[in-house]
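Please read the structure below before turning to the comments.
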Amino acid sequence: MHIESIGIRISYSKAEHLRKWLSSHNAINQSLSFIKEENSLIIPLNLSEEEASNLLLTYSEDMQFIIGISQFEEKDYHPKNLFEAVQKVIPLNQHKYIPKAYDMIGDIVIVDIPEEISEHNSTIGSALLDLFPSIISVYRKASSVSGEYRTRELELIAGEEKCETVHLEYGIRISVDVCETYFSPRLGEEHKRVADSVKQNECIIDLFTGVGSFPLHIAKNLESVVYAIDINKNAIECLEKSIPMNKLRGTIHPIHGDCREVVKSIPRANRVIMNLPSKSLEFVDIVCDILKPNGILYFYYFTSEKSAKEDMIKELNKKLTKSGWKIKKTLDFRKVRDSAPREIQACLQVSIVPLSEL
């Protein structure tokens with residue numbers, strides 16, 4: 001499609017310097033293509049003829065140019081992000097509500113759309129499908145994470161109605177059911193960090209494994225044994241699908257059940273992972289039954305960002321002491337992510353021992 005617009009004709013020898021100068025003044029019409037002639041270039045402008053003439057009076061280089069109307073070809077427009085894709089459809093006074101982030105899980109996108117622009121759900125969904133050709137389904141978050149299985153309600157707003165996908169994380173294939181299990185792609189770096197801290201031939205217990213991200217990362221490169229426990233049967237089934245999809249050096253034992261009962265029949269571990277930040281304190285007593293003395297605990301917790309480390313050490317030690325154990329050494333503290341205003345999810349990595357051994 002051709003569009004009539006103001007342009008400036010300049011010889012090729014002077015064109016590049018002028019182009020950069022015009023660009024620095026935001027004077028180029030980026031939606032139109034340049035016109036290439038035998039010895040000159042016509043640059044489309046987003047100015048009137050008078051505005052262009054006045055602007056070029058401030059240009060320091062000697063040159064000969066002609067300002068006039070030309071027929072330019074319109075560029076194929078490819079938005080770079082969601083905001084660019086929907087800003088012309090959503091009213092200006094609602095632009096602040098356009099989501100800046102979304103979760104890509106395999107070939108599924110999950111987006112949090114504020115109620116203020118909920119009438120544009122399908123527009124946003126279709127825009128995300130166009131932005132990412134590999135995406136098949138787009139869901140919006142219809143509730144917060146809740147319940148024993150830590151799941152949320154999802155509403156399909158574009159694409160195919162499917163819940164199962166395979167997510168790639170640092171080269172590891174993870175089977176996920178976004179409708180029936182909890183999974184956050186934003187924890188990929190944390191999964192790898194913990195796996196990198198584990199040593200060869202160790203025994204690890206992941207008390208709340210979900211779809212098994214921590215065990216898969218650990219067993220990928222280490223000859224370790226990981227007991228992966230979760231009360232959500234769908235999550236364990238996802239892990240069982242993931243194991244044969246990856247070449248693992250270690251061994252993973254997926255176990256469906258209540259961790260309080262399951263741990264009675266598995267050996268003591270060198271390390272225990274407790275990634276259930278909303279309820280982890282309720283299960284600290286279990287750790288004292290399954291972790292070897294001087295073993296390492298990865299304790300996840302929601303806490304205030306202010307004095308987070310000190311608060312977590314205090315709360316964990318209080319629970320450990322009731323079971324006759326105590327923190328021996330704090331090995332690491334890490335903010336994992338923001339979870340709410342002035343609240344973070346953090347990980348405290350500690351070695352713990354029975355009080356009798358202090």
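For the structure tokens, the naming scheme is as follows: chains receive sequential letters (A, B, ...) according to their order of presentation, residues are indexed from 1 within each chain, and ligands are indexed from 1 in presentation order.
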Next on the checklist: Need to verify the contact set: Asp332 of chain A, 12 Å, only C-alpha atoms, exclusion of same-chain residues closer than 5 positions in sequence. Can you return it as a PyMOL selection string?
Outcome noted: chain A and resi 193-194+197+296-300+309+312-313+346-351
Next on the checklist: I'd like the contact shell of Lys247 of chain A - 10 Å cut-off, only C-alpha atoms, skipping same-chain residues fewer than 2 positions apart - returned as an NGL selection string.
Outcome noted: :A and (172-173 or 216 or 219-221 or 243-245 or 249-250)
Go ahead and save the picked residues with N, CA and C atoms, as a PDB file, in the first residue's frame.
ATOM      1  N   ILE A 172      16.285 -28.631  29.946  1.00  0.00           N
ATOM      2  CA  ILE A 172      15.529 -29.718  30.587  1.00  0.00           C
ATOM      3  C   ILE A 172      14.061 -29.624  30.164  1.00  0.00           C
ATOM      4  N   ARG A 173      13.510 -30.740  29.739  1.00  0.00           N
ATOM      5  CA  ARG A 173      12.110 -30.796  29.310  1.00  0.00           C
ATOM      6  C   ARG A 173      11.229 -31.148  30.508  1.00  0.00           C
ATOM      7  N   LEU A 216      14.532 -32.744  38.532  1.00  0.00           N
ATOM      8  CA  LEU A 216      14.993 -32.889  37.152  1.00  0.00           C
ATOM      9  C   LEU A 216      16.307 -32.134  36.927  1.00  0.00           C
ATOM     10  N   ALA A 219      19.085 -34.195  38.902  1.00  0.00           N
ATOM     11  CA  ALA A 219      19.429 -35.497  38.318  1.00  0.00           C
ATOM     12  C   ALA A 219      19.980 -35.386  36.899  1.00  0.00           C
ATOM     13  N   LYS A 220      19.839 -34.235  36.296  1.00  0.00           N
ATOM     14  CA  LYS A 220      20.332 -34.065  34.920  1.00  0.00           C
ATOM     15  C   LYS A 220      21.838 -34.306  34.841  1.00  0.00           C
ATOM     16  N   ASN A 221      22.591 -33.739  35.768  1.00  0.00           N
ATOM     17  CA  ASN A 221      24.051 -33.801  35.669  1.00  0.00           C
ATOM     18  C   ASN A 221      24.738 -34.507  36.834  1.00  0.00           C
ATOM     19  N   ILE A 243      10.575 -37.638  33.178  1.00  0.00           N
ATOM     20  CA  ILE A 243      11.793 -38.439  33.409  1.00  0.00           C
ATOM     21  C   ILE A 243      12.310 -39.092  32.129  1.00  0.00           C
ATOM     22  N   PRO A 244      11.481 -39.806  31.361  1.00  0.00           N
ATOM     23  CA  PRO A 244      12.013 -40.428  30.131  1.00  0.00           C
ATOM     24  C   PRO A 244      12.318 -39.423  29.020  1.00  0.00           C
ATOM     25  N   MET A 245      11.863 -38.185  29.157  1.00  0.00           N
ATOM     26  CA  MET A 245      12.135 -37.174  28.133  1.00  0.00           C
ATOM     27  C   MET A 245      13.527 -36.571  28.279  1.00  0.00           C
ATOM     28  N   ARG A 249      21.451 -38.457  34.717  1.00  0.00           N
ATOM     29  CA  ARG A 249      22.531 -39.242  35.325  1.00  0.00           C
ATOM     30  C   ARG A 249      22.083 -39.793  36.671  1.00  0.00           C
ATOM     31  N   GLY A 250      21.250 -39.040  37.351  1.00  0.00           N
ATOM     32  CA  GLY A 250      20.775 -39.454  38.665  1.00  0.00           C
ATOM     33  C   GLY A 250      19.454 -40.196  38.592  1.00  0.00           C
TER      34      GLY A 250
END
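Taking atom CA of Leu156 of chain A as the reference point, atom CA of Val138 of chain A is found at 6.0 Å.
With only C-alpha atoms as the atoms that count, the residue of A:Val353, A:Ile105, A:Ala52, A:Leu239 with the shortest distance to Leu168 of chain A is A:Ile105.
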Next on the checklist: List as number ranges by chain the protein and nucleic acid residues near Ile35 of chain A, meaning an atom at most 9 Å away when only C-alpha atoms are counted, but skip any in the same chain fewer than 2 places from it.
Outcome noted: A: 9, 33, 37, 40-44, 70-73
May I have the residues from that selection written out with C-alpha atoms, as an mmCIF file, in the first residue's frame?
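Below you can see part-v2.cif, which holds the result:
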data_model
loop_
_atom_site.group_PDB
_atom_site.id
_atom_site.type_symbol
_atom_site.label_atom_id
_atom_site.label_comp_id
_atom_site.auth_asym_id
_atom_site.auth_seq_id
_atom_site.Cartn_x
_atom_site.Cartn_y
_atom_site.Cartn_z
ATOM 1 C CA ARG A 9 15.416 13.861 -1.314
ATOM 2 C CA SER A 33 9.892 2.729 3.630
ATOM 3 C CA GLU A 37 16.460 6.254 -6.693
ATOM 4 C CA SER A 40 19.479 9.698 -4.272
ATOM 5 C CA LEU A 41 17.329 8.596 -1.353
ATOM 6 C CA ILE A 42 13.973 9.996 -0.274
ATOM 7 C CA ILE A 43 13.465 9.852 3.497
ATOM 8 C CA PRO A 44 9.825 9.936 4.757
ATOM 9 C CA SER A 70 6.176 11.512 -2.521
ATOM 10 C CA GLN A 71 4.352 8.190 -2.671
ATOM 11 C CA PHE A 72 5.897 5.945 0.006
ATOM 12 C CA GLU A 73 5.266 2.259 0.566
#
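Remark: for Gln87 of chain A, the closest of the candidate residues A:Ala127, A:Gly7, A:Ser144, A:Ala228 is A:Ala127 (distances computed over only C-alpha atoms).
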Next on the checklist: Considering only helix (DSSP H, G or I) as DSSP defines it on the backbone, what residues of segment 299-332 of chain A qualify? List them as an MDAnalysis selection string.
Outcome noted: chainID A and resid 308:322
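Within segment 118-148 of chain A, residues classed as strand (DSSP E) by DSSP on backbone coordinates are Ser137, Val138, Tyr139, Arg140 and Lys141 of chain A.
The spacing separating atom CA of Asp206 of chain A from atom CA of Glu357 of chain A amounts to 25.2 Å.
Across the structure, atom CA of Arg140 of chain A and atom CA of Glu155 of chain A are spaced 5.3 Å apart.
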